[in-house]
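Shown below: entry_32.txt, with compact mmCIF, C-alpha atoms.
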```txt
# COMPACT_ATOMS: atom_id res chain seq x y z
CA MET A 141 1.78 30.43 -16.52
CA ALA A 142 -1.46 28.47 -16.63
CA ARG A 143 -4.64 30.36 -15.79
CA LEU A 144 -6.20 29.39 -12.44
CA VAL A 145 -9.72 28.01 -12.82
CA TYR A 146 -12.14 27.30 -9.97
CA ASP A 147 -15.35 25.26 -9.86
CA LYS A 148 -18.68 26.58 -8.55
CA ASP A 149 -17.69 25.61 -4.99
CA GLY A 150 -14.42 27.53 -5.16
CA ARG A 151 -12.16 24.48 -5.62
CA LEU A 152 -9.02 25.10 -7.69
CA LEU A 153 -9.08 22.78 -10.69
CA PHE A 154 -6.23 20.96 -12.39
CA THR A 155 -6.71 22.00 -16.02
CA LYS A 156 -5.64 20.53 -19.36
CA GLU A 157 -3.18 23.39 -19.69
CA MET A 158 -1.65 22.45 -16.32
CA ARG A 159 -1.29 18.85 -17.45
CA LYS A 160 1.16 20.04 -20.11
CA GLU A 161 3.12 22.46 -17.92
CA TYR A 162 2.92 21.26 -14.31
CA THR A 163 4.94 18.68 -12.38
CA MET A 164 2.63 16.42 -10.38
CA ILE A 165 4.17 15.11 -7.17
CA PHE A 166 2.84 12.44 -4.83
CA PRO A 167 4.04 10.92 -1.54
CA MET A 168 5.87 7.62 -1.18
CA MET A 169 4.26 4.51 0.29
CA ALA A 170 5.44 1.17 -1.16
CA PRO A 171 8.79 1.72 -2.96
CA ILE A 172 8.69 -1.11 -5.54
CA HIS A 173 5.07 -0.49 -6.49
CA PHE A 174 5.18 3.30 -6.54
CA ARG A 175 8.35 3.57 -8.63
CA ILE A 176 6.60 1.57 -11.32
CA LEU A 177 3.36 3.56 -10.93
CA LYS A 178 5.25 6.85 -11.29
CA GLU A 179 6.32 5.79 -14.78
CA VAL A 180 2.74 4.78 -15.60
CA PHE A 181 1.72 8.39 -14.92
CA ASN A 182 4.58 9.71 -17.03
CA ASN A 183 3.74 7.43 -19.92
CA MET A 184 0.14 8.64 -19.85
CA GLY A 185 1.26 12.22 -20.50
CA TYR A 186 1.70 13.57 -16.97
CA HIS A 187 4.93 14.92 -15.49
CA ALA A 188 4.95 12.83 -12.32
CA GLU A 189 7.52 12.78 -9.55
CA LEU A 190 7.62 10.47 -6.53
CA LEU A 191 8.83 11.93 -3.23
CA GLU A 192 11.44 9.76 -1.52
CA THR A 193 12.45 12.28 1.14
CA THR A 194 12.81 11.07 4.72
CA GLY A 195 13.90 12.49 8.05
CA PRO A 196 12.30 14.05 11.14
CA GLU A 197 11.65 17.32 9.26
CA ILE A 198 8.83 15.58 7.33
CA ALA A 199 6.77 14.94 10.46
CA GLN A 200 7.67 18.37 11.87
CA THR A 201 6.41 20.05 8.68
CA GLY A 202 3.21 18.03 8.90
CA LEU A 203 2.68 18.98 12.54
CA LYS A 204 3.18 22.63 11.66
CA TYR A 205 0.19 22.63 9.30
CA VAL A 206 -1.96 19.70 10.50
CA HIS A 207 -3.45 19.24 13.97
CA ASN A 208 -1.54 16.63 15.99
CA ASP A 209 -4.77 14.72 16.72
CA THR A 210 -5.09 13.99 13.01
CA CYS A 211 -4.28 10.52 11.67
CA TYR A 212 -0.50 9.98 11.55
CA PRO A 213 -0.43 9.02 7.83
CA ALA A 214 -2.05 12.40 7.06
CA ILE A 215 0.62 14.23 9.06
CA LEU A 216 3.38 12.40 7.16
CA ALA A 217 1.87 12.50 3.66
CA ILE A 218 0.89 16.17 3.93
CA GLY A 219 4.20 16.98 5.62
CA GLN A 220 6.13 15.32 2.80
CA LEU A 221 4.18 17.23 0.16
CA ILE A 222 4.41 20.66 1.86
CA HIS A 223 8.10 20.07 2.61
CA ALA A 224 8.71 19.39 -1.10
CA VAL A 225 6.82 22.52 -2.22
CA GLN A 226 8.80 24.66 0.23
CA SER A 227 12.15 23.02 -0.60
CA GLY A 228 12.98 25.44 -3.44
CA LYS A 229 13.39 22.52 -5.86
CA TYR A 230 10.19 23.32 -7.74
CA ASP A 231 8.55 26.34 -9.31
CA THR A 232 5.56 26.62 -6.98
CA HIS A 233 3.49 28.11 -9.82
CA LYS A 234 4.05 25.02 -11.94
CA ILE A 235 3.47 22.21 -9.48
CA ALA A 236 0.43 20.11 -8.55
CA LEU A 237 -0.01 17.69 -5.64
CA MET A 238 -1.73 14.32 -5.84
CA ILE A 239 -3.25 12.41 -2.94
CA THR A 240 -5.66 9.47 -2.72
CA GLN A 241 -9.25 9.84 -1.56
CA THR A 242 -10.96 6.62 -0.49
CA GLY A 243 -14.52 7.85 -0.15
CA GLY A 244 -15.41 5.75 2.91
CA GLY A 245 -15.94 6.66 6.54
CA CYS A 246 -12.20 6.49 7.29
CA ARG A 247 -10.48 9.83 7.96
CA ALA A 248 -8.36 9.16 4.85
CA SER A 249 -11.28 10.52 2.80
CA ASN A 250 -10.54 13.95 4.28
CA TYR A 251 -6.76 14.09 3.77
CA ILE A 252 -7.30 16.08 0.59
CA HIS A 253 -9.20 18.79 2.45
CA LEU A 254 -6.55 18.90 5.17
CA LEU A 255 -3.91 19.29 2.46
CA ARG A 256 -5.72 22.25 0.90
CA LYS A 257 -6.08 23.91 4.31
CA ALA A 258 -2.36 23.32 4.94
CA LEU A 259 -1.44 24.89 1.59
CA ALA A 260 -3.60 27.92 2.37
CA ARG A 261 -1.97 28.33 5.78
CA ALA A 262 1.45 28.15 4.13
CA GLY A 263 0.49 30.82 1.59
CA LEU A 264 0.38 28.27 -1.22
CA GLY A 265 -3.34 28.20 -1.93
CA TYR A 266 -2.64 28.59 -5.66
CA VAL A 267 -1.15 25.08 -5.83
CA PRO A 268 -3.77 22.65 -7.25
CA VAL A 269 -4.49 19.34 -5.51
CA VAL A 270 -5.61 16.32 -7.54
CA SER A 271 -7.73 13.57 -6.01
CA LEU A 272 -6.92 10.00 -7.04
CA ASN A 273 -10.12 8.03 -6.46
CA LEU A 274 -12.41 5.51 -8.12
CA SER A 275 -15.61 6.97 -6.68
CA GLY A 276 -15.96 10.03 -8.90
CA MET A 277 -15.80 12.36 -5.90
CA GLU A 278 -13.63 15.09 -7.41
CA LYS A 279 -13.07 15.60 -11.12
CA ASN A 280 -10.53 17.74 -12.92
CA PRO A 281 -10.38 18.68 -16.63
CA GLY A 282 -6.66 17.82 -16.74
CA PHE A 283 -6.83 14.43 -15.02
CA LYS A 284 -8.93 11.45 -15.98
CA LEU A 285 -8.83 7.78 -15.07
CA THR A 286 -9.19 6.07 -18.45
CA LEU A 287 -9.58 2.32 -18.91
CA SER A 288 -6.06 2.17 -20.39
CA PHE A 289 -4.67 4.03 -17.37
CA ILE A 290 -6.46 1.75 -14.89
CA ARG A 291 -5.24 -1.41 -16.66
CA ARG A 292 -1.63 -0.16 -16.65
CA ALA A 293 -1.88 0.88 -13.00
CA ILE A 294 -3.26 -2.54 -12.02
CA ALA A 295 -0.45 -4.22 -13.97
CA GLY A 296 2.09 -2.03 -12.14
CA LEU A 297 0.64 -3.06 -8.78
CA ILE A 298 0.58 -6.75 -9.79
CA TYR A 299 4.23 -6.61 -10.81
CA GLY A 300 5.08 -4.73 -7.62
CA ASP A 301 3.28 -7.31 -5.46
CA THR A 302 5.10 -10.21 -7.12
CA LEU A 303 8.51 -8.56 -6.78
CA MET A 304 7.82 -7.67 -3.13
CA LEU A 305 6.71 -11.20 -2.23
CA LEU A 306 9.70 -12.90 -3.90
CA LYS A 307 12.21 -10.34 -2.63
CA ASN A 308 11.10 -10.86 0.97
CA GLN A 309 11.38 -14.65 0.63
CA CYS A 310 14.79 -14.70 -1.07
CA GLU A 311 16.79 -11.83 0.42
CA PRO A 312 17.14 -13.24 3.98
CA TYR A 313 18.59 -16.49 2.64
CA GLU A 314 20.63 -15.42 -0.40
CA ILE A 315 24.23 -16.64 -0.52
CA ASN A 316 25.44 -13.90 -2.87
CA LYS A 317 24.42 -10.72 -1.08
CA GLY A 318 22.71 -8.17 -3.30
CA GLU A 319 21.58 -10.69 -5.90
CA THR A 320 17.90 -10.36 -4.96
CA ASN A 321 17.85 -6.55 -5.08
CA ALA A 322 19.66 -6.61 -8.43
CA LEU A 323 16.91 -8.83 -9.81
CA VAL A 324 14.23 -6.49 -8.42
CA GLU A 325 15.88 -3.53 -10.15
CA LYS A 326 16.24 -5.48 -13.41
CA TRP A 327 12.60 -6.53 -13.57
CA SER A 328 11.28 -3.15 -12.37
CA ALA A 329 13.14 -1.47 -15.24
CA TYR A 330 11.80 -4.08 -17.68
CA PHE A 331 8.19 -3.52 -16.59
CA VAL A 332 8.58 0.24 -16.88
CA GLU A 333 9.99 -0.17 -20.38
CA ARG A 334 7.15 -2.48 -21.47
CA LEU A 335 4.41 -0.27 -20.03
CA SER A 336 5.96 2.80 -21.70
CA LYS A 337 5.41 1.05 -25.04
CA SER A 338 1.77 0.27 -24.22
CA LYS A 339 2.68 -3.37 -23.63
CA GLY A 340 2.81 -5.68 -20.63
CA TYR A 341 -0.65 -5.03 -19.21
CA SER A 342 -2.79 -7.64 -20.94
CA LEU A 343 -3.55 -10.77 -18.90
CA LYS A 344 -1.57 -12.88 -21.37
CA GLU A 345 1.51 -10.65 -21.13
CA MET A 346 1.27 -10.37 -17.35
CA LYS A 347 1.18 -14.15 -17.05
CA ARG A 348 4.21 -14.58 -19.30
CA ASN A 349 6.22 -11.88 -17.48
CA ILE A 350 5.34 -13.04 -13.95
CA PHE A 351 6.11 -16.69 -14.73
CA LYS A 352 9.51 -15.65 -16.14
CA LEU A 353 10.43 -13.48 -13.18
CA THR A 354 9.38 -16.19 -10.72
CA ASP A 355 11.62 -18.64 -12.59
CA GLU A 356 14.56 -16.25 -12.22
CA PHE A 357 13.98 -15.67 -8.49
CA ALA A 358 13.83 -19.45 -8.00
CA LEU A 359 17.38 -19.64 -9.41
CA ILE A 360 18.81 -17.38 -6.69
CA LYS A 361 21.21 -19.45 -4.57
CA CYS A 362 19.78 -19.55 -1.06
CA ASP A 363 20.74 -21.29 2.17
CA ARG A 364 17.56 -22.16 4.04
CA SER A 365 19.22 -24.76 6.32
CA LYS A 366 19.01 -22.34 9.25
CA PRO A 367 15.38 -21.16 9.44
CA LYS A 368 14.62 -17.52 10.13
CA LEU A 369 11.86 -16.33 12.41
CA LYS A 370 8.89 -15.68 10.13
CA VAL A 371 7.13 -12.40 10.84
CA GLY A 372 4.05 -10.97 9.13
CA VAL A 373 3.29 -7.25 9.01
CA VAL A 374 -0.30 -5.99 8.78
CA GLY A 375 -2.17 -2.82 9.66
CA GLU A 376 -3.31 0.49 8.21
CA ILE A 377 -2.17 0.51 4.59
CA TYR A 378 0.19 3.52 4.76
CA VAL A 379 1.85 2.57 8.03
CA LYS A 380 2.10 -1.05 6.89
CA TYR A 381 4.05 -0.33 3.69
CA SER A 382 5.76 3.02 4.31
CA SER A 383 9.15 3.00 6.04
CA LEU A 384 8.53 6.67 6.87
CA GLY A 385 5.31 5.68 8.63
CA ASN A 386 6.61 2.62 10.54
CA ASN A 387 10.13 3.78 11.44
CA SER A 388 11.75 1.44 8.90
CA LEU A 389 10.07 -1.62 10.42
CA GLU A 390 11.13 -3.99 7.63
CA ASP A 391 14.80 -3.05 8.04
CA PHE A 392 14.52 -3.48 11.81
CA LEU A 393 13.00 -6.96 11.46
CA LYS A 394 15.68 -7.98 8.95
CA ASP A 395 18.34 -6.80 11.41
CA GLN A 396 16.66 -9.08 13.97
CA ASP A 397 17.27 -12.02 11.59
CA CYS A 398 13.64 -12.38 10.49
CA GLU A 399 11.91 -13.22 7.22
CA VAL A 400 9.22 -10.60 6.66
CA ASN A 401 5.88 -11.20 4.93
CA LEU A 402 3.87 -8.20 3.72
CA PRO A 403 0.45 -9.15 2.29
CA MET A 404 -0.22 -8.14 -1.31
CA MET A 405 -1.60 -4.68 -2.07
CA LEU A 406 -3.92 -6.42 -4.53
CA GLY A 407 -5.86 -7.85 -1.58
CA PHE A 408 -6.75 -4.33 -0.43
CA ILE A 409 -7.88 -3.39 -3.95
CA LEU A 410 -10.09 -6.48 -4.18
CA PHE A 411 -11.45 -5.66 -0.73
CA LYS A 412 -12.38 -2.12 -1.77
CA ILE A 413 -14.12 -3.30 -4.96
CA ASP A 414 -15.93 -6.09 -3.11
CA ASN A 415 -17.10 -3.56 -0.50
CA ARG A 416 -19.12 -1.75 -3.12
CA LEU A 417 -20.80 -5.01 -4.06
CA GLU A 418 -21.39 -5.72 -0.37
CA ASP A 419 -23.09 -2.34 -0.05
CA ILE A 420 -25.43 -3.25 -2.90
CA ARG A 421 -26.14 -6.65 -1.31
CA LEU A 422 -26.91 -5.06 2.07
CA TYR A 423 -28.62 -1.83 1.09
CA GLY A 424 -29.40 -2.01 -2.64
CA GLY A 425 -27.98 0.26 -5.31
CA SER A 426 -27.34 0.97 -8.97
CA LYS A 427 -27.43 -2.01 -11.35
CA LEU A 428 -24.81 -0.33 -13.54
CA LYS A 429 -22.49 0.11 -10.56
CA LYS A 430 -22.96 -3.57 -9.72
CA ILE A 431 -22.07 -4.63 -13.27
CA VAL A 432 -18.95 -2.41 -13.40
CA CYS A 433 -17.72 -3.55 -9.97
CA THR A 434 -18.37 -7.21 -10.80
CA LEU A 435 -16.34 -6.92 -14.02
CA LEU A 436 -13.50 -5.11 -12.23
CA LEU A 437 -13.50 -7.67 -9.40
CA ASP A 438 -13.38 -10.51 -11.93
CA TYR A 439 -10.47 -8.88 -13.78
CA CYS A 440 -8.45 -8.30 -10.59
CA THR A 441 -9.19 -11.86 -9.45
CA LYS A 442 -7.70 -13.15 -12.71
CA THR A 443 -4.52 -11.16 -12.07
CA GLU A 444 -4.41 -12.64 -8.57
CA ASP A 445 -4.68 -16.13 -10.08
CA ILE A 446 -1.59 -15.38 -12.20
CA ILE A 447 0.54 -14.52 -9.15
CA VAL A 448 -0.67 -17.50 -7.12
CA SER A 449 -0.30 -20.04 -9.94
CA SER A 450 3.20 -18.75 -10.75
CA ILE A 451 4.57 -18.86 -7.20
CA SER A 452 2.84 -22.14 -6.26
CA ARG A 453 5.04 -24.02 -8.78
CA TYR A 454 7.99 -23.79 -6.37
CA ASP A 455 8.12 -25.47 -2.97
CA CYS A 456 10.79 -23.01 -1.82
CA PHE A 457 8.26 -20.16 -1.89
CA ASN A 458 5.26 -19.50 0.31
CA THR A 459 2.20 -19.01 -1.89
CA PRO A 460 -0.04 -16.11 -0.85
CA GLY A 461 -3.64 -16.91 0.00
CA LYS A 462 -6.30 -15.81 -2.46
CA TYR A 463 -8.75 -13.08 -1.54
CA ALA A 464 -11.69 -15.51 -1.57
CA HIS A 465 -9.88 -17.71 0.95
CA LEU A 466 -9.09 -14.74 3.20
CA LYS A 467 -12.75 -13.78 3.15
CA SER A 468 -13.82 -17.31 4.09
CA LEU A 469 -11.45 -17.33 7.07
CA VAL A 470 -13.34 -14.56 8.87
CA LYS A 471 -16.83 -15.93 8.30
CA ASP A 472 -18.54 -16.00 11.73
CA VAL A 473 -15.48 -14.21 13.18
CA ILE A 474 -16.15 -10.62 12.06
CA GLY A 475 -18.93 -9.22 9.89
CA TYR A 476 -18.39 -8.37 6.24
CA GLY A 477 -20.17 -5.08 6.93
CA ASP A 478 -17.09 -4.02 8.94
CA LYS A 479 -15.38 -2.37 6.00
CA MET A 480 -14.21 1.05 7.16
CA GLY A 481 -10.49 1.47 6.50
CA GLU A 482 -9.00 -2.03 6.35
CA GLY A 483 -12.10 -3.49 8.05
CA TRP A 484 -12.44 -7.25 8.20
CA LEU A 485 -9.53 -7.67 5.76
CA LEU A 486 -7.09 -6.81 8.55
CA THR A 487 -8.43 -9.69 10.66
CA ALA A 488 -8.36 -12.00 7.63
CA GLU A 489 -4.75 -11.13 6.78
CA MET A 490 -3.62 -11.99 10.32
CA MET A 491 -5.45 -15.32 10.22
CA GLU A 492 -4.03 -16.19 6.79
CA LEU A 493 -0.50 -15.32 7.93
CA VAL A 494 -0.82 -17.60 10.97
CA GLU A 495 -2.26 -20.35 8.78
CA SER A 496 0.67 -20.13 6.35
CA GLY A 497 3.38 -20.25 9.03
CA TYR A 498 3.91 -16.53 9.74
CA GLU A 499 2.42 -16.77 13.20
CA ASN A 500 4.48 -13.90 14.61
CA ILE A 501 2.74 -10.69 13.56
CA VAL A 502 3.26 -6.96 14.00
CA CYS A 503 -0.05 -5.12 13.68
CA THR A 504 0.89 -1.54 12.79
CA GLN A 505 -1.67 1.15 13.47
CA PRO A 506 -1.78 4.93 13.65
CA PHE A 507 -2.58 6.06 17.18
CA GLY A 508 -6.33 6.49 17.54
CA CYS A 509 -7.19 4.71 14.27
CA LEU A 510 -10.69 3.36 14.96
CA PRO A 511 -10.83 0.79 12.10
CA ASN A 512 -7.48 -0.69 13.17
CA HIS A 513 -8.38 -0.79 16.84
CA ILE A 514 -11.49 -2.82 15.92
CA GLY A 515 -10.34 -5.01 13.01
CA GLY A 516 -6.75 -5.29 14.24
CA LYS A 517 -6.02 -4.88 17.95
CA GLY A 518 -9.62 -5.61 18.91
CA MET A 519 -9.59 -9.01 17.16
CA ILE A 520 -6.28 -10.33 18.53
CA ARG A 521 -7.90 -12.12 21.46
CA ARG A 522 -10.44 -13.84 19.18
CA ILE A 523 -7.73 -14.88 16.71
CA VAL A 524 -5.62 -16.40 19.51
CA GLU A 525 -8.67 -18.33 20.73
CA LEU A 526 -9.08 -19.83 17.26
CA MET A 527 -5.34 -20.12 16.51
CA PRO A 528 -3.42 -20.63 19.78
CA ASN A 529 -0.06 -20.47 18.00
CA ALA A 530 -0.68 -16.84 16.97
CA ASN A 531 1.84 -14.42 18.48
CA ILE A 532 0.64 -10.89 17.73
CA VAL A 533 1.72 -7.47 18.96
CA ALA A 534 -0.15 -4.25 18.14
CA VAL A 535 2.12 -1.22 17.82
CA ASP A 536 0.90 2.38 17.67
CA TYR A 537 2.72 4.82 15.38
CA ASP A 538 2.43 8.53 16.00
CA ALA A 539 4.51 11.70 15.82
CA GLY A 540 4.87 11.58 19.61
CA ALA A 541 5.66 7.85 19.86
CA VAL A 542 9.14 6.83 21.02
CA LYS A 543 10.88 4.54 18.53
CA VAL A 544 12.81 2.58 21.17
CA ASN A 545 9.55 1.75 22.99
CA GLN A 546 8.04 0.46 19.75
CA GLU A 547 11.10 -1.69 19.04
CA ASN A 548 11.18 -3.07 22.59
CA ARG A 549 7.57 -4.23 22.27
CA ILE A 550 8.40 -5.90 18.97
CA LYS A 551 11.52 -7.52 20.48
CA LEU A 552 9.38 -9.03 23.23
CA MET A 553 7.08 -10.55 20.59
CA LEU A 554 10.14 -11.86 18.70
CA SER A 555 11.59 -13.46 21.84
CA ILE A 556 8.33 -15.35 22.38
CA GLY A 557 8.39 -16.36 18.73
CA ARG A 558 11.92 -17.73 19.03
CA GLU A 559 10.97 -19.73 22.12
CA ASN A 560 8.05 -21.23 20.22
CA MET A 561 10.32 -22.00 17.26
CA LEU A 562 12.78 -23.84 19.50
CA LYS A 563 9.98 -25.90 21.00
CA LYS A 564 9.01 -27.03 17.52
```
Reformat the file's structure so that it appears as structure tokens.
Amino acid sequence: MARLVYDKDGRLLFTKEMRKEYTMIFPMMAPIHFRILKEVFNNMGYHAELLETTGPEIAQTGLKYVHNDTCYPAILAIGQLIHAVQSGKYDTHKIALMITQTGGGCRASNYIHLLRKALARAGLGYVPVVSLNLSGMEKNPGFKLTLSFIRRAIAGLIYGDTLMLLKNQCEPYEINKGETNALVEKWSAYFVERLSKSKGYSLKEMKRNIFKLTDEFALIKCDRSKPKLKVGVVGEIYVKYSSLGNNSLEDFLKDQDCEVNLPMMLGFILFKIDNRLEDIRLYGGSKLKKIVCTLLLDYCTKTEDIIVSSISRYDCFNTPGKYAHLKSLVKDVIGYGDKMGEGWLLTAEMMELVESGYENIVCTQPFGCLPNHIGGKGMIRRIVELMPNANIVAVDYDAGAVKVNQENRIKLMLSIGRENMLKK
């Protein structure tokens, strides 16, 4: 068993020895993206496992160890991790937990501390917790974000975004049911195989792969003669993408005969990098940090160009708006200094969705989430003033929220959307 090592502040470290022996588990958010990312971790020498558990016991476990006033994503993510540790599936002396740490003013920066407190309360204080962050907040001898790792992770997210976008635009119209999902599985496996061989993450290879997969999705036989109601989903990043967090919202909307549009995860990454440059513009800062962030922003923008140029070749697909365009949409609408959580990006995503024909929008937000109540719910009135065809409903998600009430509010928005569609 690996020796437990603590830093000067008493934090349990994830050591190099643990890297060899321990299984590292992390919670689910976006299925297509995270299944690819899990293999990126494995191929970099970690023993990673993605939790795909669901059910009411996840939230109940979270509520047992986390205060119910805490952000709902924290309750679910921590509940899923603690539930896994207590499941008996793992040797608790050879397991480590991973969770993201954003570093901003959002409560998400403190999830890691809540997780450690929860482990201590459960008598599992000897289980190490690894922070996944780009801000250098917590470092561990056994975990390091290398340039190779970051490039592979970005490639995994780019592939995940492309598959998600095309899946959502093909599946509602496919003639041969299951054909779209089969293609998603095929390409996901291919990307995992390429990344495992240290291939597939250069810009040249990403372009070739994404153009090929777009060509294949364009060949799916679809019947678009009867238009579906187009619905965009925005909000706090976990609740937006996680079926556990939004009560399987995507499945519900598909059952309501809708075409769903989830904005790319890449937009959030670009937003977070750009925020650091915005800080330097507003308040000053390190020249080295500015250079690094500028290079990273430029690299991610090039990957965005690959997705957009690939999809834009086909009229049957809706091409996602570029980050620069989203940012221009909210000029004089909301300040670029509003960057806590999803910040101004949430407003921009709603405006871009309306602009591109997805004028019916579900704004998902954890109950009491200040950034979402400002950048999301708080901006709906202004968006409708600028875009009268916008049809937006804000839905709170919380451990105490009643699912049927959430769905009834969404159904009301959908009924208005269908009336507007008939008028057109």
Check: Which residues come within 12 Å of Leu422 of chain A, counting only C-alpha atoms, excluding same-chain residues fewer than 3 positions away, as an NGL selection string?
Finding: :A and (415-419 or 425 or 475-477)
Next item on the list: Taking (-2.3, -2.3, 8.1) in the file's own coordinates, collect the residues within 12 Å, counting all atoms listed in the file, and hand them back as a ChimeraX atom specification.
Entry: /A:213,372-382,385-386,402-405,407-408,481-490,501-506,509,511-513,515-517,534-537
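In this comparison, which uses only C-alpha atoms, the residue of A:Asp301, A:His233, A:Tyr330, A:Ser388 approaching Lys543 of chain A most closely is A:Ser388.
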Checklist line | Within 8 Å of Gly300 of chain A using only C-alpha atoms, minus same-chain residues under 6 positions, as a PyMOL selection string | finding: chain A and resi 172-173+176+328
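Distance check against Lys366 of chain A using all atoms listed in the file: of A:Leu221, A:Met561, A:Tyr230, A:Gly424, the minimum falls on A:Met561.
In this structure, atom CA of Asn529 of chain A sits 22.7 Å away from atom CA of Cys456 of chain A.
Rounded to one decimal, atom CA of Thr320 of chain A and atom CA of Ile447 of chain A lie 18.3 Å from each other.
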Notebook entry, point to check: For Met480 of chain A, which of A:Lys279, A:Arg291, A:Arg522, A:Lys412 is the closest residue, counting only C-alpha atoms?
Noted result: A:Lys412
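Restricting the calculation to all atoms listed in the file, the smallest distance between Ala224 of chain A and any of A:Ile165, A:Val267, A:Leu526, A:Ala358 is found for A:Ile165.
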Next item on the list: Might you pull out every residue within 9 Å of Phe357 of chain A, with only C-alpha atoms counted and same-chain residues fewer than 4 positions away left off, and present them as JSON, numbers by chain?
Entry: {"A": [306, 307, 310, 320, 323, 352, 353]}
Shell of 9 Å around Ala214 of chain A, only C-alpha atoms, local chain residues under 4 positions omitted, as a JSON list (two decimals) with C-alpha atoms, in the frame of the given file:
```
[["chain", "number", "residue", "atom", "x", "y", "z"],
["A", 202, "GLY", "CA", 3.21, 18.03, 8.90],
["A", 206, "VAL", "CA", -1.96, 19.70, 10.50],
["A", 210, "THR", "CA", -5.09, 13.99, 13.01],
["A", 218, "ILE", "CA", 0.89, 16.17, 3.93],
["A", 219, "GLY", "CA", 4.20, 16.98, 5.62],
["A", 247, "ARG", "CA", -10.48, 9.83, 7.96],
["A", 248, "ALA", "CA", -8.36, 9.16, 4.85],
["A", 251, "TYR", "CA", -6.76, 14.09, 3.77],
["A", 254, "LEU", "CA", -6.55, 18.90, 5.17],
["A", 255, "LEU", "CA", -3.91, 19.29, 2.46]]
```
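The smallest atom-to-atom distance between Tyr299 of chain A and any of A:Leu469, A:Ile252, A:Ile446, A:Met238, using all atoms listed in the file, is found for A:Ile446.
Taking atom CA of Glu525 of chain A as the reference point, atom CA of Val400 of chain A is found at 24.0 Å.
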Next item on the list: For a cut-off of 9 Å around (3.4, 12.9, 18.0), file coordinates, pick out all residues using all atoms listed in the file and list them as a PyMOL selection string.
Entry: chain A and resi 199+203+208-209+212+537-542
Can segment 154-166 of chain A be brought up to N, CA and C atoms and written out as a CSV table (one decimal), in the frame of the given file?
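Contents of result36.csv, freshly written:
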```csv
chain,number,residue,atom,x,y,z
A,154,PHE,N,-7.4,21.3,-11.6
A,154,PHE,CA,-6.2,21.0,-12.4
A,154,PHE,C,-6.7,20.9,-13.8
A,155,THR,N,-6.2,21.8,-14.7
A,155,THR,CA,-6.7,22.0,-16.0
A,155,THR,C,-5.9,21.2,-17.0
A,156,LYS,N,-6.4,21.2,-18.3
A,156,LYS,CA,-5.6,20.5,-19.4
A,156,LYS,C,-4.3,21.3,-19.6
A,157,GLU,N,-4.4,22.6,-19.5
A,157,GLU,CA,-3.2,23.4,-19.7
A,157,GLU,C,-2.1,23.0,-18.6
A,158,MET,N,-2.6,22.8,-17.4
A,158,MET,CA,-1.6,22.4,-16.3
A,158,MET,C,-1.0,21.1,-16.6
A,159,ARG,N,-1.8,20.2,-17.2
A,159,ARG,CA,-1.3,18.8,-17.4
A,159,ARG,C,0.0,18.9,-18.3
A,160,LYS,N,0.0,19.9,-19.2
A,160,LYS,CA,1.2,20.0,-20.1
A,160,LYS,C,2.3,20.7,-19.4
A,161,GLU,N,2.1,21.6,-18.5
A,161,GLU,CA,3.1,22.5,-17.9
A,161,GLU,C,3.6,22.1,-16.5
A,162,TYR,N,2.7,21.5,-15.7
A,162,TYR,CA,2.9,21.3,-14.3
A,162,TYR,C,3.6,19.9,-14.0
A,163,THR,N,4.4,19.9,-12.9
A,163,THR,CA,4.9,18.7,-12.4
A,163,THR,C,4.0,18.2,-11.3
A,164,MET,N,3.6,17.0,-11.4
A,164,MET,CA,2.6,16.4,-10.4
A,164,MET,C,3.4,15.5,-9.4
A,165,ILE,N,3.4,15.9,-8.1
A,165,ILE,CA,4.2,15.1,-7.2
A,165,ILE,C,3.2,14.4,-6.2
A,166,PHE,N,3.6,13.2,-5.8
A,166,PHE,CA,2.8,12.4,-4.8
A,166,PHE,C,3.7,11.7,-3.8
```
